[in-house]
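Notes follow once the structure below has been shown.
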Amino acid sequence: MLEHKYIDREKSWLAFNARVLQEAADDSVPLLDRLRFLGIFSNNLDEFFRVRFAAIRRLSLSGISGEKYLGGISAQQLVKDITEIVIQQQSESLRILNIIEAKLETENIFIINENQISREQENFLKDFFIQKLSPELVTIILNDLAEFPLLKDTLGYLAVKLVMNHTSEVRYAVIEIPKTINRFVVLPSNNEKQYVILLDDVIRHNLKSIFNIFDYESVSAHMIKITRDAQLDIDSDLSKSMIEKISTSVKDRRIGEPVRFIYDQLIEKDTLQFFLDKMKIVTTDSIIPGGRYHNRRDYMNFPNLGRFDLLYLTNEPLPIPGLSLEGSILEKISTKDYLLNAPYQSFSYLTKFLREAALDPKVTSIKITLYRLAKNSQIISSLINAAKNGKKVTVQIELQARFDEASNISYAEQMKTEGIELIFGIKGLKVHSKICVIERTENDKIKRYGFISTGNFNESTAKVYTDVTLFTSHQQILKDITKIFEFFDINYRVHRYKHLIVSPHYTRTRFYKLIDREILHASAGRKTHIKLKMNSLSDFKMIDKLYEASNAGVKIQLEIRGICSLIPGIPGMSENIEAISIVDNYLEHSRVYIFGNAGQTEVYISSADFMTRNLDGRVEVTCPIYDQEIKNELIDNFDLGWKGNVKARFHSYKLDNKYRVRNHNPVFRAQLETYKYYRNKIDVLEEIV
């Protein structure tokens with residue numbers, strides 16, 4: 001037996017991010033997509049430090065061990081372990097970037113620095129600097145300031161050292177790399193070769209122009225980056241509205257405690273020490289040496305240069321068989337449930353549903369929960385349209401959706417102006433459910449229509465996140481959704497739901513019962529299995545329940561993209577559990593729960609992972625699937641993922657991300673096969689017609 005029953009969730013998350021880094025290192029991934037994965041790796045790491053590492057650091061500085069909450073490791077040790085892992089991963093990411101850049105050169109794409117500029121490029125960059133870059137620059141001379149300026153954790157900076165002539169006096173400055181200009185500047189080319197230079201190096205190339213009023217002997221500039229604690233501290237002032245409280249807290253996030261400082265390891269020691277001292281960064285913080293460039297998340301937006309041969313082929317979203325975007329969606333849903341699986345199928349069905357409801361004279365009300373929204377949200381546009389058409393529109397919008405707070409506040413104010421009734425959730429509970437219900441007058445009676453999803457109502461992320469949405473007119477399910485909105489209004493009253501499983505009141509106990517039923521079937525010698533697909537599994541009690549099921553002989557298959565604190569395949573503890581993670585071109589985001597039930601299989605879709613916050617601390621909705629065709633479709637989807645032998649890695653206590661061994665089996669890339677599965681459904685339908 002192992003020393004511990006669980007894998008620490010932070011280390012498991014870092015192992016997930018290492019899988020993203022594996023995609024950047026994979027020769028079979030197109031080169032420009034490999035750069036994108038490097039950007040995703042960096043962006044993930046930024047968010048990890050702003051949230052999870054910041055929380056562990058707070059615990060560590062409080063002097064509390066925290067072993068009870070951290071699965072047997074102290075907060076102090078965990079801070080050290082995380083720093084060591086991240087330093088290793090950062091080093092690996094730099095190695096991978098160097099390999100990618102070398103391979104890009106074989107494709108006649110060159111990422112150059114300020115010392116490699118040709119005369120023709122020099123003329124272009126001179127004009128670019130004067131016309132575009134210089135007006136955007138913020139440059140601060142630091143020596144004589146009474147107070148050190150606040151450096152933002154979303155930006156990169158150049159730490160500048162000036163050694164003055166004659167006196168050898170040293171002056172320090174900081175230059176903010178602007179976000180308003182694309183980080184990658186495409187240079188003109190007269191031949192087949194294409195050249196790109198980073199904004200950082202354009203600034204370095206123009207240091208003489210920037211500091212021309214100083215009589216200096218030498219000037220150097222090295223990149224630094226700060227990451228701050230992003231925890232929101234909501235005040236308890238009863239005189240303030242929720243919007244005011246969140247707005248203030250988001251602004252205060254700018255001055256959060258530093259939790260990570262990354263610097264170019266070639267920076268002079270005195271320059272580094274100057275910045276560490278002025279920013280009051282001590283050795284207990286995570287100080288990480290890096291390369292010449294930071295904020296590598298910007299590689300997610302590296303220009304395609306017209307080289308679509310160096311990108312994954314784009315699969316056009318498919319139609320849902322039997323459901324037309326040109327006809328009435330409500331009419332179709334009135335007779336049958338339909339499932340949308342984005343991005344394999346078009347997210348337009350969801351926006352079409354809302355647009356139709358906005359215009360339909362028989363629709364009297366729309367109620368919806370919103371968590372994360374697109375920049376220019378068609379969802380918001382449709383809801384405002386509905387309000388203008390006299391519908392009663394009620395929107396529960398989560399103002400505390402992390403890093404989307406400002407956007408959601410802006411949308412909330414916009415909707416309020418248009419007469420939409422807003423609900424800002426429940427004290428102490430985030431609303432993470434993805435639900436919508438509309439009421440329509442038919443034959444002098446109210447009939448409900450709606451949808452329930454595993455993902456956000458966001459047309460931008462729907463292009464890359466895999467999520468399923470059930471469209472239904474099942475009146476009892478939709479009545480349960482109406483009860484959830486009543487709970488938002490009067491949250492001291494706990495409702496009973498006949499069909500939906502709702503957090504925080506019922507999800508944990510209901511899933512315990514579903515697992516216990518499989519244990520009883522196994523004990524009686526009946527066929528039994530559990531298949532769970534989710535983003536993360538970290539709740540210790542739920543893991544213990546799965547261990548119990550494994551020991552009773554229940555075969556358990558887990559598809560978990562991210563954190564997996566459960567340790568599979570251990571004799572006497574989890575020998576009947578297998579767990580894989582698929583990291584590929586799309587981000588696996590749907591939650592699908594399948595229970596064998598001795599041949600009477602039950603299937604659920606959910607907004608909830610098996611994490612303590614989802615089970616006990618949020619409003620989440622899990623919905624049963626009653627339509628046999630959709631049940632089969634979701635089971636097929638799970639099995640397609642399980643057969644994957646290209647992008648599937650095993651979860652294990654070693655956190656080594658070993659790929660599933662293919663042996664002599666043919667290549668089976670689960671996401672590509674899933675797309676083929678849905679394309680075949682259309683082909684079969686066309687043959688029948």
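Chain identifiers are assigned as A, B, and so on, following the order in which chains appear in the structure tokens; residues are numbered from 1 within each chain, and ligands are numbered from 1 in order of appearance.
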Could you build a table of the residues in stretch 556-667 of chain A lying no more than 12 Å from stretch 301-316 of chain A, giving for each the nearest pair of atoms and their separation in Å rounded to one decimal place, using only C-alpha atoms, ordered by chain and ascending residue number, as CSV?
residue,atom,partner,partner_atom,distance
A:Asp584,CA,A:Tyr312,CA,10.8
A:Asn585,CA,A:Tyr312,CA,8.0
A:Tyr586,CA,A:Tyr312,CA,10.9
Take the residues from that selection and put them in a file with N, CA, C and O atoms, as a CSV table (one decimal), in the first residue's frame.
chain,number,residue,atom,x,y,z
A,584,ASP,N,-5.9,17.5,-26.0
A,584,ASP,CA,-5.8,17.6,-27.4
A,584,ASP,C,-6.1,18.9,-27.9
A,584,ASP,O,-6.2,19.9,-27.1
A,585,ASN,N,-6.5,19.0,-29.2
A,585,ASN,CA,-6.8,20.3,-29.8
A,585,ASN,C,-8.0,21.0,-29.1
A,585,ASN,O,-8.0,22.3,-28.9
A,586,TYR,N,-9.0,20.3,-28.7
A,586,TYR,CA,-10.1,20.9,-27.9
A,586,TYR,C,-9.9,20.6,-26.4
A,586,TYR,O,-9.2,19.7,-26.0
Residue set, stretch 71-260 of chain A restricted to strand (DSSP E or B), as a PyMOL selection string: chain A and resi 109-112+138-141+157-164+170-176+184-187+194-198+216-228+258-260
I'd like the neighbourhood of stretch 125-141 of chain A as a compact mmCIF listing (two decimals) with all heavy atoms, in the first residue's frame, where a residue qualifies if any of its atoms comes within 12 Å (using only C-alpha atoms), though same-chain residues fewer than 5 positions away should be ignored.
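Done, and the output landed in out_4.txt:
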# COMPACT_ATOMS: atom_id res chain seq x y z
N GLU A 114 16.63 42.15 -31.68
CA GLU A 114 17.05 43.49 -32.11
C GLU A 114 18.43 43.52 -32.75
O GLU A 114 18.78 44.49 -33.44
CB GLU A 114 16.98 44.47 -30.93
CG GLU A 114 18.09 44.33 -29.89
CD GLU A 114 17.82 43.23 -28.85
OE1 GLU A 114 16.94 42.39 -29.08
OE2 GLU A 114 18.52 43.20 -27.83
N ILE A 117 18.34 42.66 -37.08
CA ILE A 117 17.48 43.45 -37.97
C ILE A 117 18.26 43.89 -39.21
O ILE A 117 19.38 44.41 -39.10
CB ILE A 117 16.94 44.68 -37.22
CG1 ILE A 117 16.07 44.23 -36.03
CG2 ILE A 117 16.14 45.59 -38.14
CD1 ILE A 117 15.72 45.35 -35.08
N SER A 118 17.67 43.72 -40.38
CA SER A 118 18.28 44.18 -41.63
C SER A 118 18.02 45.67 -41.81
O SER A 118 17.20 46.27 -41.10
CB SER A 118 17.71 43.41 -42.81
OG SER A 118 16.35 43.78 -43.03
N ARG A 119 18.67 46.27 -42.81
CA ARG A 119 18.50 47.70 -43.05
C ARG A 119 17.05 48.02 -43.44
O ARG A 119 16.48 49.01 -42.98
CB ARG A 119 19.46 48.16 -44.16
CG ARG A 119 19.41 49.66 -44.41
CD ARG A 119 20.48 50.09 -45.37
NE ARG A 119 21.81 49.83 -44.83
CZ ARG A 119 22.95 50.06 -45.50
NH1 ARG A 119 22.91 50.53 -46.74
NH2 ARG A 119 24.12 49.81 -44.95
N GLU A 120 16.47 47.17 -44.28
CA GLU A 120 15.08 47.38 -44.70
C GLU A 120 14.14 47.28 -43.50
O GLU A 120 13.22 48.09 -43.35
CB GLU A 120 14.69 46.35 -45.76
CG GLU A 120 13.27 46.53 -46.29
CD GLU A 120 12.86 45.40 -47.23
OE1 GLU A 120 13.36 44.27 -47.04
OE2 GLU A 120 12.05 45.64 -48.14
N ALA A 146 9.54 58.62 -4.43
CA ALA A 146 9.30 58.37 -3.00
C ALA A 146 8.65 57.01 -2.79
O ALA A 146 8.87 56.35 -1.77
CB ALA A 146 8.41 59.47 -2.43
N GLU A 147 7.85 56.60 -3.77
CA GLU A 147 7.16 55.32 -3.66
C GLU A 147 7.31 54.53 -4.95
O GLU A 147 7.15 55.09 -6.05
CB GLU A 147 5.67 55.55 -3.37
CG GLU A 147 4.90 54.30 -3.02
CD GLU A 147 3.47 54.61 -2.58
OE1 GLU A 147 3.21 55.76 -2.18
OE2 GLU A 147 2.63 53.69 -2.63
N PHE A 148 7.64 53.26 -4.83
CA PHE A 148 7.84 52.43 -6.02
C PHE A 148 6.50 52.22 -6.73
O PHE A 148 5.48 51.97 -6.06
CB PHE A 148 8.44 51.08 -5.62
CG PHE A 148 8.99 50.28 -6.77
CD1 PHE A 148 10.26 50.54 -7.26
CD2 PHE A 148 8.24 49.27 -7.37
CE1 PHE A 148 10.78 49.81 -8.32
CE2 PHE A 148 8.74 48.54 -8.43
CZ PHE A 148 10.02 48.81 -8.91
N PRO A 149 6.46 52.33 -8.05
CA PRO A 149 5.17 52.19 -8.76
C PRO A 149 4.62 50.77 -8.67
O PRO A 149 5.37 49.81 -8.51
CB PRO A 149 5.53 52.55 -10.21
CG PRO A 149 6.98 52.24 -10.32
CD PRO A 149 7.57 52.56 -8.98
N LEU A 150 3.31 50.68 -8.78
CA LEU A 150 2.65 49.38 -8.74
C LEU A 150 2.81 48.68 -10.08
O LEU A 150 2.40 49.21 -11.12
CB LEU A 150 1.17 49.56 -8.42
CG LEU A 150 0.34 48.28 -8.35
CD1 LEU A 150 0.68 47.51 -7.09
CD2 LEU A 150 -1.15 48.60 -8.40
N LEU A 151 3.42 47.50 -10.08
CA LEU A 151 3.54 46.71 -11.31
C LEU A 151 2.39 45.73 -11.38
O LEU A 151 2.11 45.01 -10.43
CB LEU A 151 4.89 45.96 -11.34
CG LEU A 151 6.15 46.82 -11.25
CD1 LEU A 151 7.38 45.96 -11.53
CD2 LEU A 151 6.11 48.01 -12.19
N LEU A 155 0.85 42.26 -16.95
CA LEU A 155 1.77 42.87 -17.91
C LEU A 155 3.19 42.36 -17.73
O LEU A 155 3.56 41.84 -16.68
CB LEU A 155 1.75 44.39 -17.75
CG LEU A 155 0.42 45.10 -18.03
CD1 LEU A 155 0.54 46.59 -17.75
CD2 LEU A 155 -0.04 44.87 -19.45
N GLY A 156 3.99 42.56 -18.78
CA GLY A 156 5.41 42.31 -18.71
C GLY A 156 6.14 43.64 -18.67
O GLY A 156 5.64 44.66 -19.16
N TYR A 157 7.32 43.65 -18.05
CA TYR A 157 8.09 44.88 -17.92
C TYR A 157 9.54 44.62 -18.29
O TYR A 157 10.06 43.52 -18.11
CB TYR A 157 8.04 45.40 -16.48
CG TYR A 157 6.67 45.84 -16.03
CD1 TYR A 157 5.76 44.92 -15.49
CD2 TYR A 157 6.26 47.16 -16.15
CE1 TYR A 157 4.50 45.32 -15.08
CE2 TYR A 157 5.00 47.57 -15.74
CZ TYR A 157 4.12 46.64 -15.20
OH TYR A 157 2.87 47.03 -14.80
N LEU A 158 10.19 45.67 -18.79
CA LEU A 158 11.63 45.64 -18.97
C LEU A 158 12.27 46.42 -17.83
O LEU A 158 11.96 47.61 -17.62
CB LEU A 158 12.02 46.26 -20.32
CG LEU A 158 11.68 45.43 -21.57
CD1 LEU A 158 12.03 46.19 -22.83
CD2 LEU A 158 12.39 44.08 -21.55
N ALA A 159 13.12 45.73 -17.07
CA ALA A 159 13.89 46.38 -16.01
C ALA A 159 15.15 46.95 -16.65
O ALA A 159 15.96 46.21 -17.20
CB ALA A 159 14.24 45.37 -14.92
N VAL A 160 15.30 48.27 -16.59
CA VAL A 160 16.38 48.96 -17.32
C VAL A 160 17.43 49.47 -16.34
O VAL A 160 17.10 50.03 -15.28
CB VAL A 160 15.81 50.14 -18.13
CG1 VAL A 160 16.92 50.87 -18.87
CG2 VAL A 160 14.74 49.65 -19.10
N LYS A 161 18.70 49.27 -16.72
CA LYS A 161 19.82 49.79 -15.94
C LYS A 161 20.63 50.74 -16.81
O LYS A 161 21.06 50.38 -17.90
CB LYS A 161 20.71 48.64 -15.46
CG LYS A 161 21.97 49.09 -14.72
CD LYS A 161 22.85 47.89 -14.36
CE LYS A 161 24.13 48.32 -13.69
NZ LYS A 161 25.01 47.16 -13.38
N LEU A 162 20.81 51.98 -16.34
CA LEU A 162 21.62 52.99 -17.03
C LEU A 162 22.85 53.30 -16.19
O LEU A 162 22.73 53.67 -15.01
CB LEU A 162 20.81 54.28 -17.22
CG LEU A 162 19.59 54.22 -18.14
CD1 LEU A 162 18.61 55.32 -17.78
CD2 LEU A 162 20.02 54.36 -19.59
N VAL A 170 24.44 54.88 -11.22
CA VAL A 170 23.52 53.91 -11.81
C VAL A 170 22.09 54.40 -11.62
O VAL A 170 21.68 54.75 -10.50
CB VAL A 170 23.69 52.51 -11.18
CG1 VAL A 170 22.63 51.55 -11.74
CG2 VAL A 170 25.08 51.97 -11.45
N ARG A 171 21.36 54.45 -12.72
CA ARG A 171 19.94 54.78 -12.65
C ARG A 171 19.13 53.57 -13.14
O ARG A 171 19.55 52.87 -14.06
CB ARG A 171 19.61 56.00 -13.51
CG ARG A 171 20.03 57.32 -12.88
CD ARG A 171 19.60 58.49 -13.75
NE ARG A 171 19.82 59.76 -13.09
CZ ARG A 171 18.94 60.38 -12.32
NH1 ARG A 171 17.74 59.83 -12.14
NH2 ARG A 171 19.21 61.53 -11.75
N TYR A 172 17.99 53.38 -12.50
CA TYR A 172 17.11 52.28 -12.89
C TYR A 172 15.79 52.83 -13.41
O TYR A 172 15.30 53.88 -12.96
CB TYR A 172 16.85 51.34 -11.71
CG TYR A 172 18.09 50.65 -11.20
CD1 TYR A 172 18.72 51.07 -10.02
CD2 TYR A 172 18.65 49.58 -11.91
CE1 TYR A 172 19.86 50.44 -9.56
CE2 TYR A 172 19.80 48.94 -11.45
CZ TYR A 172 20.40 49.38 -10.27
OH TYR A 172 21.53 48.77 -9.83
N ALA A 173 15.23 52.10 -14.35
CA ALA A 173 13.94 52.49 -14.92
C ALA A 173 13.15 51.22 -15.21
O ALA A 173 13.68 50.10 -15.22
CB ALA A 173 14.14 53.31 -16.19
N VAL A 174 11.86 51.40 -15.44
CA VAL A 174 11.02 50.27 -15.83
C VAL A 174 10.16 50.71 -17.02
O VAL A 174 9.65 51.84 -17.05
CB VAL A 174 10.15 49.77 -14.65
CG1 VAL A 174 9.14 50.81 -14.22
CG2 VAL A 174 9.45 48.48 -15.01
N ILE A 175 10.06 49.85 -18.01
CA ILE A 175 9.23 50.12 -19.19
C ILE A 175 8.13 49.08 -19.25
O ILE A 175 8.39 47.87 -19.23
CB ILE A 175 10.06 50.06 -20.50
CG1 ILE A 175 11.21 51.07 -20.45
CG2 ILE A 175 9.16 50.34 -21.71
CD1 ILE A 175 12.15 50.96 -21.65
N GLU A 176 6.90 49.56 -19.30
CA GLU A 176 5.74 48.67 -19.39
C GLU A 176 5.53 48.26 -20.85
O GLU A 176 5.43 49.12 -21.73
CB GLU A 176 4.51 49.40 -18.87
CG GLU A 176 3.24 48.59 -18.82
CD GLU A 176 2.08 49.41 -18.27
OE1 GLU A 176 2.12 49.78 -17.08
OE2 GLU A 176 1.14 49.67 -19.04
N ILE A 177 5.50 46.95 -21.10
CA ILE A 177 5.25 46.47 -22.46
C ILE A 177 3.75 46.56 -22.72
O ILE A 177 2.96 45.88 -22.06
CB ILE A 177 5.76 45.02 -22.64
CG1 ILE A 177 7.27 44.96 -22.39
CG2 ILE A 177 5.43 44.50 -24.04
CD1 ILE A 177 7.83 43.56 -22.34
N PRO A 178 3.32 47.40 -23.66
CA PRO A 178 1.88 47.66 -23.82
C PRO A 178 1.10 46.45 -24.30
O PRO A 178 1.57 45.68 -25.13
CB PRO A 178 1.84 48.79 -24.85
CG PRO A 178 3.14 48.71 -25.58
CD PRO A 178 4.14 48.17 -24.61
N LYS A 179 -0.12 46.31 -23.78
CA LYS A 179 -1.02 45.24 -24.21
C LYS A 179 -1.87 45.67 -25.41
O LYS A 179 -2.55 44.84 -26.01
CB LYS A 179 -1.96 44.84 -23.06
CG LYS A 179 -1.29 44.05 -21.95
CD LYS A 179 -2.28 43.69 -20.87
CE LYS A 179 -3.31 42.68 -21.35
NZ LYS A 179 -4.23 42.26 -20.26
N THR A 180 -1.85 46.96 -25.72
CA THR A 180 -2.70 47.48 -26.78
C THR A 180 -2.18 47.16 -28.17
O THR A 180 -2.88 47.37 -29.16
CB THR A 180 -2.83 49.01 -26.63
OG1 THR A 180 -1.52 49.58 -26.53
CG2 THR A 180 -3.64 49.37 -25.40
N ILE A 181 -0.94 46.68 -28.24
CA ILE A 181 -0.32 46.33 -29.53
C ILE A 181 0.04 44.85 -29.50
O ILE A 181 0.51 44.34 -28.48
CB ILE A 181 0.96 47.16 -29.77
CG1 ILE A 181 0.63 48.66 -29.70
CG2 ILE A 181 1.58 46.82 -31.12
CD1 ILE A 181 1.85 49.55 -29.78
N ASN A 182 -0.19 44.17 -30.63
CA ASN A 182 0.15 42.75 -30.70
C ASN A 182 1.62 42.54 -30.34
O ASN A 182 2.49 43.27 -30.82
CB ASN A 182 -0.14 42.21 -32.11
CG ASN A 182 -0.11 40.69 -32.15
OD1 ASN A 182 0.88 40.06 -31.78
ND2 ASN A 182 -1.20 40.11 -32.60
N ARG A 183 1.86 41.55 -29.48
CA ARG A 183 3.23 41.29 -28.99
C ARG A 183 4.17 40.91 -30.13
O ARG A 183 5.38 41.13 -30.05
CB ARG A 183 3.15 40.16 -27.96
CG ARG A 183 4.51 39.77 -27.32
CD ARG A 183 4.73 40.46 -26.02
NE ARG A 183 5.95 40.05 -25.37
CZ ARG A 183 6.09 39.00 -24.57
NH1 ARG A 183 5.03 38.25 -24.30
NH2 ARG A 183 7.25 38.73 -24.01
N VAL A 185 5.38 41.41 -33.92
CA VAL A 185 5.37 42.35 -35.04
C VAL A 185 5.87 41.61 -36.29
O VAL A 185 7.00 41.10 -36.30
CB VAL A 185 6.27 43.56 -34.75
CG1 VAL A 185 6.22 44.56 -35.91
CG2 VAL A 185 5.84 44.24 -33.44
N VAL A 186 5.02 41.52 -37.30
CA VAL A 186 5.39 40.87 -38.55
C VAL A 186 6.14 41.88 -39.41
O VAL A 186 5.62 42.96 -39.71
CB VAL A 186 4.15 40.34 -39.29
CG1 VAL A 186 4.55 39.67 -40.60
CG2 VAL A 186 3.37 39.37 -38.42
N LEU A 187 7.36 41.52 -39.80
CA LEU A 187 8.22 42.43 -40.56
C LEU A 187 8.03 42.22 -42.06
O LEU A 187 7.69 41.12 -42.51
CB LEU A 187 9.68 42.19 -40.18
CG LEU A 187 10.00 42.49 -38.71
CD1 LEU A 187 11.39 41.99 -38.35
CD2 LEU A 187 9.90 43.98 -38.43
N PRO A 188 8.26 43.26 -42.86
CA PRO A 188 8.12 43.11 -44.31
C PRO A 188 9.19 42.17 -44.87
O PRO A 188 10.29 42.07 -44.34
CB PRO A 188 8.31 44.54 -44.83
CG PRO A 188 9.05 45.25 -43.75
CD PRO A 188 8.64 44.62 -42.47
N VAL A 196 9.50 37.70 -37.83
CA VAL A 196 8.68 38.20 -36.73
C VAL A 196 9.63 38.66 -35.63
O VAL A 196 10.64 38.01 -35.34
CB VAL A 196 7.74 37.10 -36.19
CG1 VAL A 196 6.96 37.61 -34.98
CG2 VAL A 196 6.78 36.62 -37.27
N ILE A 197 9.30 39.79 -35.02
CA ILE A 197 10.09 40.27 -33.88
C ILE A 197 9.14 40.59 -32.73
O ILE A 197 8.02 41.07 -32.96
CB ILE A 197 10.94 41.52 -34.26
CG1 ILE A 197 11.88 41.89 -33.11
CG2 ILE A 197 10.07 42.69 -34.67
CD1 ILE A 197 12.93 42.94 -33.50
N LEU A 198 9.57 40.30 -31.52
CA LEU A 198 8.73 40.59 -30.36
C LEU A 198 8.79 42.06 -30.02
O LEU A 198 9.83 42.73 -30.21
CB LEU A 198 9.16 39.76 -29.15
CG LEU A 198 8.51 38.37 -29.03
CD1 LEU A 198 9.15 37.40 -29.99
CD2 LEU A 198 8.59 37.85 -27.60
N LEU A 199 7.69 42.59 -29.49
CA LEU A 199 7.60 43.99 -29.09
C LEU A 199 8.71 44.34 -28.11
O LEU A 199 9.27 45.45 -28.16
CB LEU A 199 6.23 44.22 -28.45
CG LEU A 199 5.57 45.59 -28.64
CD1 LEU A 199 5.46 45.96 -30.10
CD2 LEU A 199 4.19 45.57 -28.01
N ASP A 200 9.06 43.41 -27.24
CA ASP A 200 10.13 43.62 -26.26
C ASP A 200 11.42 44.05 -26.96
O ASP A 200 12.12 44.97 -26.51
CB ASP A 200 10.42 42.36 -25.45
CG ASP A 200 9.21 41.50 -25.19
OD1 ASP A 200 8.19 41.64 -25.87
OD2 ASP A 200 9.30 40.64 -24.30
N ASP A 201 11.73 43.35 -28.06
CA ASP A 201 12.99 43.61 -28.76
C ASP A 201 12.92 44.88 -29.58
O ASP A 201 13.94 45.53 -29.81
CB ASP A 201 13.35 42.41 -29.64
CG ASP A 201 13.77 41.20 -28.81
OD1 ASP A 201 14.25 41.40 -27.68
OD2 ASP A 201 13.60 40.06 -29.28
N VAL A 202 11.73 45.26 -30.02
CA VAL A 202 11.57 46.56 -30.69
C VAL A 202 11.87 47.66 -29.67
O VAL A 202 12.54 48.66 -30.00
CB VAL A 202 10.14 46.73 -31.26
CG1 VAL A 202 10.00 48.09 -31.94
CG2 VAL A 202 9.82 45.61 -32.25
N ILE A 203 11.41 47.47 -28.44
CA ILE A 203 11.71 48.45 -27.38
C ILE A 203 13.21 48.47 -27.10
O ILE A 203 13.83 49.55 -27.00
CB ILE A 203 10.92 48.13 -26.10
CG1 ILE A 203 9.41 48.26 -26.36
CG2 ILE A 203 11.34 49.06 -24.95
CD1 ILE A 203 8.54 47.74 -25.22
N ARG A 204 13.82 47.31 -26.98
CA ARG A 204 15.27 47.25 -26.74
C ARG A 204 16.03 47.96 -27.85
O ARG A 204 17.02 48.67 -27.61
CB ARG A 204 15.72 45.79 -26.65
CG ARG A 204 15.34 45.07 -25.37
CD ARG A 204 16.00 43.70 -25.34
NE ARG A 204 15.73 43.00 -24.09
CZ ARG A 204 14.82 42.03 -23.95
NH1 ARG A 204 14.08 41.68 -24.98
NH2 ARG A 204 14.63 41.44 -22.78
N HIS A 205 15.57 47.78 -29.08
CA HIS A 205 16.23 48.39 -30.24
C HIS A 205 16.16 49.91 -30.17
O HIS A 205 17.02 50.60 -30.75
CB HIS A 205 15.56 47.88 -31.53
CG HIS A 205 16.19 48.39 -32.78
ND1 HIS A 205 17.49 48.11 -33.13
CD2 HIS A 205 15.68 49.19 -33.77
CE1 HIS A 205 17.77 48.70 -34.29
NE2 HIS A 205 16.68 49.36 -34.69
N ASN A 206 15.17 50.43 -29.44
CA ASN A 206 14.97 51.87 -29.39
C ASN A 206 15.29 52.48 -28.03
O ASN A 206 14.83 53.58 -27.72
CB ASN A 206 13.53 52.20 -29.79
CG ASN A 206 13.28 52.02 -31.28
OD1 ASN A 206 13.59 52.90 -32.08
ND2 ASN A 206 12.73 50.87 -31.65
N LEU A 207 16.08 51.77 -27.22
CA LEU A 207 16.43 52.30 -25.90
C LEU A 207 17.16 53.64 -26.02
O LEU A 207 16.96 54.55 -25.20
CB LEU A 207 17.31 51.29 -25.16
CG LEU A 207 16.61 50.02 -24.64
CD1 LEU A 207 17.62 49.06 -24.04
CD2 LEU A 207 15.53 50.37 -23.61
N SER A 209 16.73 55.94 -28.22
CA SER A 209 15.74 56.99 -28.47
C SER A 209 14.93 57.30 -27.21
O SER A 209 14.63 58.47 -26.93
CB SER A 209 14.80 56.54 -29.60
OG SER A 209 13.75 57.45 -29.78
N ILE A 210 14.61 56.27 -26.44
CA ILE A 210 13.79 56.46 -25.24
C ILE A 210 14.54 57.26 -24.18
O ILE A 210 13.98 58.14 -23.52
CB ILE A 210 13.35 55.09 -24.67
CG1 ILE A 210 12.43 54.37 -25.66
CG2 ILE A 210 12.65 55.25 -23.32
CD1 ILE A 210 12.17 52.91 -25.31
N PHE A 211 15.85 56.99 -24.03
CA PHE A 211 16.63 57.61 -22.95
C PHE A 211 17.64 58.63 -23.48
O PHE A 211 18.71 58.83 -22.91
CB PHE A 211 17.36 56.53 -22.14
CG PHE A 211 16.43 55.58 -21.43
CD1 PHE A 211 16.21 54.29 -21.91
CD2 PHE A 211 15.74 55.99 -20.29
CE1 PHE A 211 15.35 53.42 -21.27
CE2 PHE A 211 14.88 55.13 -19.64
CZ PHE A 211 14.67 53.84 -20.12
N PHE A 214 19.54 61.38 -21.37
CA PHE A 214 20.53 61.01 -20.36
C PHE A 214 21.90 60.79 -21.02
O PHE A 214 21.99 60.22 -22.11
CB PHE A 214 20.12 59.73 -19.63
CG PHE A 214 18.88 59.87 -18.80
CD1 PHE A 214 17.63 59.50 -19.31
CD2 PHE A 214 18.94 60.38 -17.51
CE1 PHE A 214 16.48 59.63 -18.55
CE2 PHE A 214 17.80 60.51 -16.74
CZ PHE A 214 16.57 60.15 -17.26
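For stretch 287-298 of chain A, the list of residues within 7 Å, based on only C-alpha atoms and with local chain neighbours fewer than 2 positions off taken out, reads Gly39, Ile40, Ser42, Asn43, Ile87, Gln90, Gly156, Arg183, His222, Met223, Lys225, Arg260, Phe261, Ile262, Tyr263, Asp264, Gln265, Asp285, Met300, Asn301 and Phe302 of chain A.
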Quick one: pick out all helix (DSSP H, G or I) residues within stretch 247-465 of chain A from a backbone DSSP run and write them as JSON, numbers by chain. {"A": [247, 248, 249, 250, 251, 252, 253, 254, 255, 269, 270, 271, 272, 273, 274, 275, 276, 277, 278, 296, 297, 298, 299, 300, 301, 308, 309, 310, 329, 330, 331, 332, 333, 348, 349, 350, 351, 352, 353, 354, 355, 356, 357, 358, 359, 378, 379, 380, 381, 382, 383, 384, 385, 386, 387, 388, 405, 406, 407, 408, 409, 410, 411, 412, 413, 414, 415, 416, 417, 461, 462, 463]}
Can you tell me which residues surround stretch 507-509 of chain A at a distance of at most 10 Å, considering only C-alpha atoms, apart from same-chain residues fewer than 2 positions away, and format the answer as a PyMOL selection string? chain A and resi 500-505+511-515+541-542+608+610+612+614-616+619-622
Expressed in Å, the length from atom CA of A:Glu92 to atom CA of A:Thr106 is 21.8 Å
For A:Tyr678, which residue out of A:Phe353, A:Tyr338, A:Phe275, A:Tyr344 is the nearest one, using only C-alpha atoms? A:Tyr344
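Nearest to A:Lys545 of all the residues A:Lys332, A:Arg517, A:Lys527, A:Lys498 is A:Arg517, based on only C-alpha atoms.
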As a check of understanding: the span from atom CA of A:Leu422 to atom CA of A:Val395 is 5.0 Å
